[in-house]
Structures are given as C-alpha cells and as structure tokens.
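Shown next: structure-v2.pdb, given as PDB, C-alpha atoms.
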```pdb
MODEL        1
ATOM      1  CA  GLN T   1       0.000   0.000   0.000  1.00  0.00           C
ATOM      2  CA  VAL T   2       1.605   3.236  -1.153  1.00  0.00           C
ATOM      3  CA  GLN T   3       1.383   6.021   1.390  1.00  0.00           C
ATOM      4  CA  LEU T   4       1.349   9.732   0.671  1.00  0.00           C
ATOM      5  CA  VAL T   5       2.302  11.982   3.597  1.00  0.00           C
ATOM      6  CA  GLU T   6       1.896  15.726   3.166  1.00  0.00           C
ATOM      7  CA  SER T   7       3.203  18.367   5.556  1.00  0.00           C
ATOM      8  CA  GLY T   8       4.062  22.029   5.800  1.00  0.00           C
ATOM      9  CA  GLY T   9       0.682  23.689   5.778  1.00  0.00           C
ATOM     10  CA  GLY T  10      -0.387  26.394   8.178  1.00  0.00           C
ATOM     11  CA  LEU T  11      -1.872  29.824   8.643  1.00  0.00           C
ATOM     12  CA  VAL T  12      -0.208  32.666   6.760  1.00  0.00           C
ATOM     13  CA  GLN T  13      -1.103  36.231   5.878  1.00  0.00           C
ATOM     14  CA  ALA T  14      -1.829  37.211   2.318  1.00  0.00           C
ATOM     15  CA  GLY T  15       1.417  37.838   0.475  1.00  0.00           C
ATOM     16  CA  GLY T  16       3.286  35.320   2.580  1.00  0.00           C
ATOM     17  CA  SER T  17       4.926  32.037   1.672  1.00  0.00           C
ATOM     18  CA  LEU T  18       4.706  28.376   2.614  1.00  0.00           C
ATOM     19  CA  THR T  19       6.566  25.286   1.525  1.00  0.00           C
ATOM     20  CA  LEU T  20       4.673  22.020   1.339  1.00  0.00           C
ATOM     21  CA  SER T  21       6.357  18.630   1.280  1.00  0.00           C
ATOM     22  CA  CYS T  22       5.135  15.185   0.361  1.00  0.00           C
ATOM     23  CA  VAL T  23       6.901  11.902   0.942  1.00  0.00           C
ATOM     24  CA  VAL T  24       5.783   8.918  -1.099  1.00  0.00           C
ATOM     25  CA  SER T  25       6.404   5.280  -0.292  1.00  0.00           C
ATOM     26  CA  GLU T  26       6.419   4.328  -3.966  1.00  0.00           C
ATOM     27  CA  ARG T  27       9.410   2.165  -4.804  1.00  0.00           C
ATOM     28  CA  LEU T  28       9.395   3.373  -8.412  1.00  0.00           C
ATOM     29  CA  PHE T  29       8.917   7.040  -7.476  1.00  0.00           C
ATOM     30  CA  SER T  30      11.417   8.324 -10.025  1.00  0.00           C
ATOM     31  CA  SER T  31       9.474   6.667 -12.854  1.00  0.00           C
ATOM     32  CA  TYR T  32       6.278   8.582 -12.232  1.00  0.00           C
ATOM     33  CA  ASP T  33       4.947  12.053 -12.744  1.00  0.00           C
ATOM     34  CA  MET T  34       3.816  13.753  -9.535  1.00  0.00           C
ATOM     35  CA  GLY T  35       1.104  16.260  -8.817  1.00  0.00           C
ATOM     36  CA  TRP T  36      -0.074  18.666  -6.140  1.00  0.00           C
ATOM     37  CA  TYR T  37      -3.829  19.089  -5.809  1.00  0.00           C
ATOM     38  CA  ARG T  38      -5.969  21.274  -3.611  1.00  0.00           C
ATOM     39  CA  GLN T  39      -9.550  21.222  -2.442  1.00  0.00           C
ATOM     40  CA  ALA T  40     -11.196  24.337  -1.130  1.00  0.00           C
ATOM     41  CA  PRO T  41     -14.428  24.189   0.888  1.00  0.00           C
ATOM     42  CA  ARG T  42     -17.417  23.282  -1.292  1.00  0.00           C
ATOM     43  CA  LYS T  43     -15.215  22.920  -4.366  1.00  0.00           C
ATOM     44  CA  THR T  44     -13.893  19.946  -6.279  1.00  0.00           C
ATOM     45  CA  ARG T  45     -10.297  18.900  -5.969  1.00  0.00           C
ATOM     46  CA  GLU T  46      -8.101  20.468  -8.628  1.00  0.00           C
ATOM     47  CA  LEU T  47      -4.623  19.773  -9.905  1.00  0.00           C
ATOM     48  CA  VAL T  48      -2.524  22.906  -9.390  1.00  0.00           C
ATOM     49  CA  ALA T  49       0.978  21.724 -10.276  1.00  0.00           C
ATOM     50  CA  GLN T  50       2.612  18.693 -11.770  1.00  0.00           C
ATOM     51  CA  ILE T  51       6.159  17.624 -12.435  1.00  0.00           C
ATOM     52  CA  THR T  52       7.058  14.886 -14.848  1.00  0.00           C
ATOM     53  CA  ARG T  53       9.645  12.185 -14.272  1.00  0.00           C
ATOM     54  CA  ASP T  54      11.822  14.272 -16.582  1.00  0.00           C
ATOM     55  CA  PHE T  55      11.427  17.300 -14.300  1.00  0.00           C
ATOM     56  CA  THR T  56       9.131  19.265 -16.605  1.00  0.00           C
ATOM     57  CA  SER T  57       6.624  21.287 -14.585  1.00  0.00           C
ATOM     58  CA  ASN T  58       3.170  22.610 -15.400  1.00  0.00           C
ATOM     59  CA  TYR T  59       0.812  24.819 -13.437  1.00  0.00           C
ATOM     60  CA  VAL T  60      -2.793  25.874 -13.430  1.00  0.00           C
ATOM     61  CA  ASP T  61      -3.105  29.492 -14.531  1.00  0.00           C
ATOM     62  CA  SER T  62      -4.149  30.731 -11.095  1.00  0.00           C
ATOM     63  CA  VAL T  63      -0.797  29.800  -9.518  1.00  0.00           C
ATOM     64  CA  LYS T  64       1.621  30.411 -12.373  1.00  0.00           C
ATOM     65  CA  GLY T  65       4.482  32.647 -11.337  1.00  0.00           C
ATOM     66  CA  ARG T  66       3.717  32.119  -7.637  1.00  0.00           C
ATOM     67  CA  PHE T  67       4.074  28.368  -7.027  1.00  0.00           C
ATOM     68  CA  THR T  68       7.043  26.152  -7.842  1.00  0.00           C
ATOM     69  CA  ILE T  69       6.981  22.372  -7.806  1.00  0.00           C
ATOM     70  CA  SER T  70      10.136  20.339  -7.423  1.00  0.00           C
ATOM     71  CA  ARG T  71      11.091  16.767  -6.677  1.00  0.00           C
ATOM     72  CA  ASP T  72      13.910  14.889  -5.010  1.00  0.00           C
ATOM     73  CA  ASN T  73      14.017  11.336  -6.279  1.00  0.00           C
ATOM     74  CA  ALA T  74      16.639  10.332  -3.726  1.00  0.00           C
ATOM     75  CA  LYS T  75      14.166  11.178  -0.966  1.00  0.00           C
ATOM     76  CA  ASN T  76      10.973  10.109  -2.749  1.00  0.00           C
ATOM     77  CA  SER T  77       9.633  13.579  -2.133  1.00  0.00           C
ATOM     78  CA  VAL T  78       7.910  16.371  -3.970  1.00  0.00           C
ATOM     79  CA  THR T  79       7.783  19.975  -2.776  1.00  0.00           C
ATOM     80  CA  LEU T  80       5.484  22.883  -3.515  1.00  0.00           C
ATOM     81  CA  GLN T  81       6.935  26.318  -2.827  1.00  0.00           C
ATOM     82  CA  MET T  82       4.082  28.811  -2.575  1.00  0.00           C
ATOM     83  CA  ASN T  83       4.773  32.537  -2.689  1.00  0.00           C
ATOM     84  CA  SER T  84       2.567  35.626  -2.812  1.00  0.00           C
ATOM     85  CA  LEU T  85      -0.259  33.649  -1.273  1.00  0.00           C
ATOM     86  CA  LYS T  86      -3.818  34.852  -1.716  1.00  0.00           C
ATOM     87  CA  SER T  87      -6.965  34.133   0.257  1.00  0.00           C
ATOM     88  CA  GLU T  88      -8.222  32.056  -2.668  1.00  0.00           C
ATOM     89  CA  ASP T  89      -5.290  29.678  -2.139  1.00  0.00           C
ATOM     90  CA  THR T  90      -6.922  28.523   1.101  1.00  0.00           C
ATOM     91  CA  ALA T  91      -7.524  24.799   0.763  1.00  0.00           C
ATOM     92  CA  VAL T  92      -6.375  21.366   1.806  1.00  0.00           C
ATOM     93  CA  TYR T  93      -3.395  20.410  -0.331  1.00  0.00           C
ATOM     94  CA  TYR T  94      -2.680  16.857  -1.427  1.00  0.00           C
ATOM     95  CA  CYS T  95      -0.028  15.169  -3.497  1.00  0.00           C
ATOM     96  CA  ASN T  96      -0.380  12.065  -5.610  1.00  0.00           C
ATOM     97  CA  VAL T  97       1.430   9.917  -8.101  1.00  0.00           C
ATOM     98  CA  LEU T  98       0.122  10.507 -11.609  1.00  0.00           C
ATOM     99  CA  ALA T  99      -0.549   7.864 -14.206  1.00  0.00           C
ATOM    100  CA  HIS T 100      -1.709   9.158 -17.581  1.00  0.00           C
ATOM    101  CA  GLY T 101      -2.489  12.445 -15.907  1.00  0.00           C
ATOM    102  CA  SER T 102      -4.736  10.987 -13.216  1.00  0.00           C
ATOM    103  CA  PRO T 103      -4.102  10.322  -9.513  1.00  0.00           C
ATOM    104  CA  LEU T 104      -3.033   6.765  -8.968  1.00  0.00           C
ATOM    105  CA  TYR T 105      -3.323   6.092  -5.243  1.00  0.00           C
ATOM    106  CA  ARG T 106      -5.659   6.663  -2.342  1.00  0.00           C
ATOM    107  CA  TRP T 107      -5.364  10.173  -1.005  1.00  0.00           C
ATOM    108  CA  GLY T 108      -3.345  10.980   2.073  1.00  0.00           C
ATOM    109  CA  GLN T 109      -4.574  13.204   4.863  1.00  0.00           C
ATOM    110  CA  GLY T 110      -3.503  16.376   3.090  1.00  0.00           C
ATOM    111  CA  THR T 111      -2.197  19.538   4.696  1.00  0.00           C
ATOM    112  CA  GLN T 112      -4.330  22.594   5.424  1.00  0.00           C
ATOM    113  CA  VAL T 113      -3.267  25.957   4.044  1.00  0.00           C
ATOM    114  CA  THR T 114      -5.155  28.980   5.315  1.00  0.00           C
ATOM    115  CA  VAL T 115      -4.387  32.431   3.957  1.00  0.00           C
ATOM    116  CA  SER T 116      -5.797  35.343   5.903  1.00  0.00           C
ATOM    117  CA  SER T 117      -6.542  38.581   4.096  1.00  0.00           C
TER
ENDMDL
END
```

Now, as a test, write the supplied structure out as structure tokens.
Amino acid sequence: QVQLVESGGGLVQAGGSLTLSCVVSERLFSSYDMGWYRQAPRKTRELVAQITRDFTSNYVDSVKGRFTISRDNAKNSVTLQMNSLKSEDTAVYYCNVLAHGSPLYRWGQGTQVTVSS
C-alpha cells in the first residue's frame, strides 16, 4: 500500500509564503509524474501543479508565477513552494502519483493551508 504523507501547511497572511512537502512510499517514485492538488471548501479537488519524471513542470493558470513544484528522487519527495499567497489559495493540499495524468493512489490526509486577508 503506497502512502502519501503531506506536511508544511499552516496559517499565513496574504502575500506570505509556505513550503509544502510530500513523501511517497512508492518504490518506483522516479518513474512517475507527480502532482499537487488542492480542495477548497465546497469545491472539487483540482490539480494545481505537476512535475514529470523528466522534471518538466506545469501549473494551473491561477498559480503560475507564484508556485514552484520540485522533486527529489533520492528522498521520494515532492515539494510545492508557494509565494505571494492569496486568500483564494486557502484549501487542503494533497499530493499524488500521476498515471496518464490521473491520480493513482488513495489520497493521504492532506495539509491545510489557510491564507488570511
């Protein structure tokens, strides 16, 4: 059973920064694309950033220029650096392994990000 463990969330003022981390117990981590998702209250979960196994990154328009995704294959981890945070970034953030662009495993507990305006 692959486990996804997210951390790093918290309460931050608008304009501030947070760094989220996710550790994945996937033996073949380096072979997969990875994604960071978020789910705001009363909204569906959305993919906000992904990084391919070749280290190519893509972002949803709403976070471009503010968020940076990175990965460390030696540590089976993926990081989301979030700058210039806005109140609309408030959500629970999750990571997952991607297969053909879709999440592959059961979701972890996520990490709450709350941005106060």

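The shortest atom-to-atom distance to Ser31 of chain T, with all atoms listed in the file taken into account, belongs to T:Ile51 out of T:Val60, T:Leu18, T:Val5, T:Ile51.
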
Taking the file above as input, evaluate the PyMOL selection byres ((chain T and resi 37) around 10) and report the hits as a PyMOL selection string.
chain T and resi 35-36+38-39+45-50+91-96+103+110

Would you work out the distance separating atom CA of Leu85 of chain T from atom CA of Gly15 of chain T, expressed in Å to one decimal?
4.8 Å

Tell me which of T:Thr90, T:Thr114, T:Ser62, T:Ser21 sits closest to Lys43 of chain T, counting all atoms listed in the file.
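Comparing T:Thr90, T:Thr114, T:Ser62, T:Ser21 against Lys43 of chain T, the winner is T:Thr90.
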
Please identify all polymer residues within 9 Å of Lys75 of chain T, counting only C-alpha atoms, omitting same-chain residues fewer than 3 positions from it, and present them as a VMD selection string.
chain T and resid 23 to 24 71 to 72 78

Enumerate, as a PyMOL selection string, the residues matched when the PyMOL selection byres ((chain T and resi 33) around 7) is run on the file above.
chain T and resi 32+34-35+51-53+97-98

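When atom CA of Asn73 of chain T is paired with atom CA of Trp107 of chain T, their separation reads 20.1 Å.
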
Given the file shown, determine the residues that the PyMOL selection byres ((chain T and resi 80) around 7) selects; report them as a VMD selection string.
chain T and resid 19 to 21 67 to 70 78 to 79 81 to 82

Please compute the atom CA of Gln3 of chain T-atom CA of Pro41 of chain T distance, one decimal, in Å.
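Spanning atom CA of Gln3 of chain T to atom CA of Pro41 of chain T is a straight-line distance of 24.1 Å.
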
Measuring atom to atom with only C-alpha atoms, identify which of T:Arg27, T:Lys86, T:His100, T:Arg66 is nearest to Val113 of chain T.
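Under the stated criterion, the closest residue is T:Lys86.
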
Here is a test: counting only C-alpha atoms, which residue of T:Gly65, T:Ser77, T:Tyr59, T:Tyr105 is nearest to Gln1 of chain T?
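For Gln1 of chain T, the nearest of the given residues is T:Tyr105.
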
Segment 88-95 of chain T, all listed atoms, 4 Å padding on each side: what axis-aligned box centre and edge lengths in Å to one decimal come out, as JSON?
```
{"center_x": -4.1, "center_y": 23.6, "center_z": -0.8, "size_x": 16.2, "size_y": 24.9, "size_z": 13.3}
```

Please provide as a PyMOL selection string all residues within 10 Å of Gly16 of chain T, with the sequence filter that same-chain residues fewer than 3 positions apart are discarded (counting all atoms listed in the file).
chain T and resi 11-13+82-86+115-116

Could segment 32-43 of chain T be completed with all heavy atoms and written as a compact mmCIF listing (two decimals), in the coordinates of the input, please?
```
# COMPACT_ATOMS: atom_id res chain seq x y z
N TYR T 32 7.62 8.01 -12.12
CA TYR T 32 6.28 8.58 -12.23
C TYR T 32 6.27 10.11 -12.24
O TYR T 32 7.14 10.75 -11.63
CB TYR T 32 5.40 8.12 -11.07
CG TYR T 32 4.97 6.68 -11.14
CD1 TYR T 32 5.64 5.70 -10.42
CD2 TYR T 32 3.88 6.31 -11.91
CE1 TYR T 32 5.23 4.38 -10.47
CE2 TYR T 32 3.47 4.98 -11.96
CZ TYR T 32 4.15 4.03 -11.24
OH TYR T 32 3.74 2.72 -11.29
N ASP T 33 5.26 10.64 -12.91
CA ASP T 33 4.95 12.05 -12.74
C ASP T 33 4.29 12.23 -11.39
O ASP T 33 3.66 11.31 -10.85
CB ASP T 33 3.99 12.53 -13.84
CG ASP T 33 4.56 12.37 -15.24
OD1 ASP T 33 5.78 12.12 -15.37
OD2 ASP T 33 3.77 12.48 -16.20
N MET T 34 4.42 13.45 -10.83
CA MET T 34 3.82 13.75 -9.54
C MET T 34 2.98 15.02 -9.62
O MET T 34 3.28 15.91 -10.43
CB MET T 34 4.92 13.96 -8.48
CG MET T 34 5.67 12.71 -8.09
SD MET T 34 4.61 11.49 -7.28
CE MET T 34 3.97 12.43 -5.88
N GLY T 35 1.96 15.09 -8.79
CA GLY T 35 1.10 16.26 -8.82
C GLY T 35 0.73 16.75 -7.43
O GLY T 35 0.68 15.96 -6.49
N TRP T 36 0.51 18.05 -7.34
CA TRP T 36 -0.07 18.67 -6.14
C TRP T 36 -1.49 19.12 -6.50
O TRP T 36 -1.70 19.79 -7.51
CB TRP T 36 0.73 19.88 -5.68
CG TRP T 36 1.89 19.54 -4.81
CD1 TRP T 36 3.21 19.46 -5.17
CD2 TRP T 36 1.85 19.24 -3.41
NE1 TRP T 36 3.99 19.12 -4.09
CE2 TRP T 36 3.18 18.99 -2.99
CE3 TRP T 36 0.84 19.17 -2.46
CZ2 TRP T 36 3.51 18.66 -1.68
CZ3 TRP T 36 1.16 18.84 -1.16
CH2 TRP T 36 2.48 18.59 -0.78
N TYR T 37 -2.43 18.73 -5.65
CA TYR T 37 -3.83 19.09 -5.81
C TYR T 37 -4.24 19.94 -4.61
O TYR T 37 -3.57 19.95 -3.57
CB TYR T 37 -4.71 17.83 -5.81
CG TYR T 37 -4.56 16.93 -6.99
CD1 TYR T 37 -3.45 16.10 -7.14
CD2 TYR T 37 -5.55 16.88 -7.98
CE1 TYR T 37 -3.32 15.25 -8.22
CE2 TYR T 37 -5.44 16.02 -9.06
CZ TYR T 37 -4.32 15.23 -9.18
OH TYR T 37 -4.21 14.38 -10.25
N ARG T 38 -5.38 20.59 -4.76
CA ARG T 38 -5.97 21.27 -3.61
C ARG T 38 -7.49 21.18 -3.71
O ARG T 38 -8.06 21.08 -4.79
CB ARG T 38 -5.53 22.74 -3.53
CG ARG T 38 -6.05 23.63 -4.64
CD ARG T 38 -5.43 25.02 -4.50
NE ARG T 38 -5.88 25.92 -5.56
CZ ARG T 38 -5.38 27.13 -5.76
NH1 ARG T 38 -4.40 27.59 -4.96
NH2 ARG T 38 -5.83 27.89 -6.74
N GLN T 39 -8.09 21.22 -2.52
CA GLN T 39 -9.55 21.22 -2.44
C GLN T 39 -9.99 22.27 -1.45
O GLN T 39 -9.73 22.14 -0.25
CB GLN T 39 -10.08 19.84 -2.05
CG GLN T 39 -11.59 19.74 -2.11
CD GLN T 39 -12.09 18.32 -2.02
OE1 GLN T 39 -11.39 17.42 -1.55
NE2 GLN T 39 -13.32 18.10 -2.46
N ALA T 40 -10.64 23.28 -1.96
CA ALA T 40 -11.20 24.34 -1.13
C ALA T 40 -12.59 23.92 -0.67
O ALA T 40 -13.22 23.05 -1.30
CB ALA T 40 -11.25 25.64 -1.91
N PRO T 41 -13.08 24.53 0.41
CA PRO T 41 -14.43 24.19 0.89
C PRO T 41 -15.47 24.33 -0.21
O PRO T 41 -15.47 25.32 -0.96
CB PRO T 41 -14.64 25.20 2.01
CG PRO T 41 -13.28 25.54 2.49
CD PRO T 41 -12.40 25.51 1.26
N ARG T 42 -16.29 23.30 -0.35
CA ARG T 42 -17.42 23.28 -1.29
C ARG T 42 -16.96 23.32 -2.75
O ARG T 42 -17.74 23.68 -3.64
CB ARG T 42 -18.39 24.43 -1.00
CG ARG T 42 -19.03 24.33 0.37
CD ARG T 42 -19.89 25.55 0.67
NE ARG T 42 -19.08 26.77 0.72
CZ ARG T 42 -18.35 27.13 1.75
NH1 ARG T 42 -18.29 26.36 2.82
NH2 ARG T 42 -17.67 28.27 1.71
N LYS T 43 -15.72 22.97 -2.99
CA LYS T 43 -15.22 22.92 -4.37
C LYS T 43 -14.60 21.55 -4.64
O LYS T 43 -14.23 20.83 -3.73
CB LYS T 43 -14.18 24.02 -4.61
CG LYS T 43 -14.75 25.43 -4.58
CD LYS T 43 -13.74 26.45 -5.05
CE LYS T 43 -14.34 27.84 -5.10
NZ LYS T 43 -13.35 28.85 -5.57
```
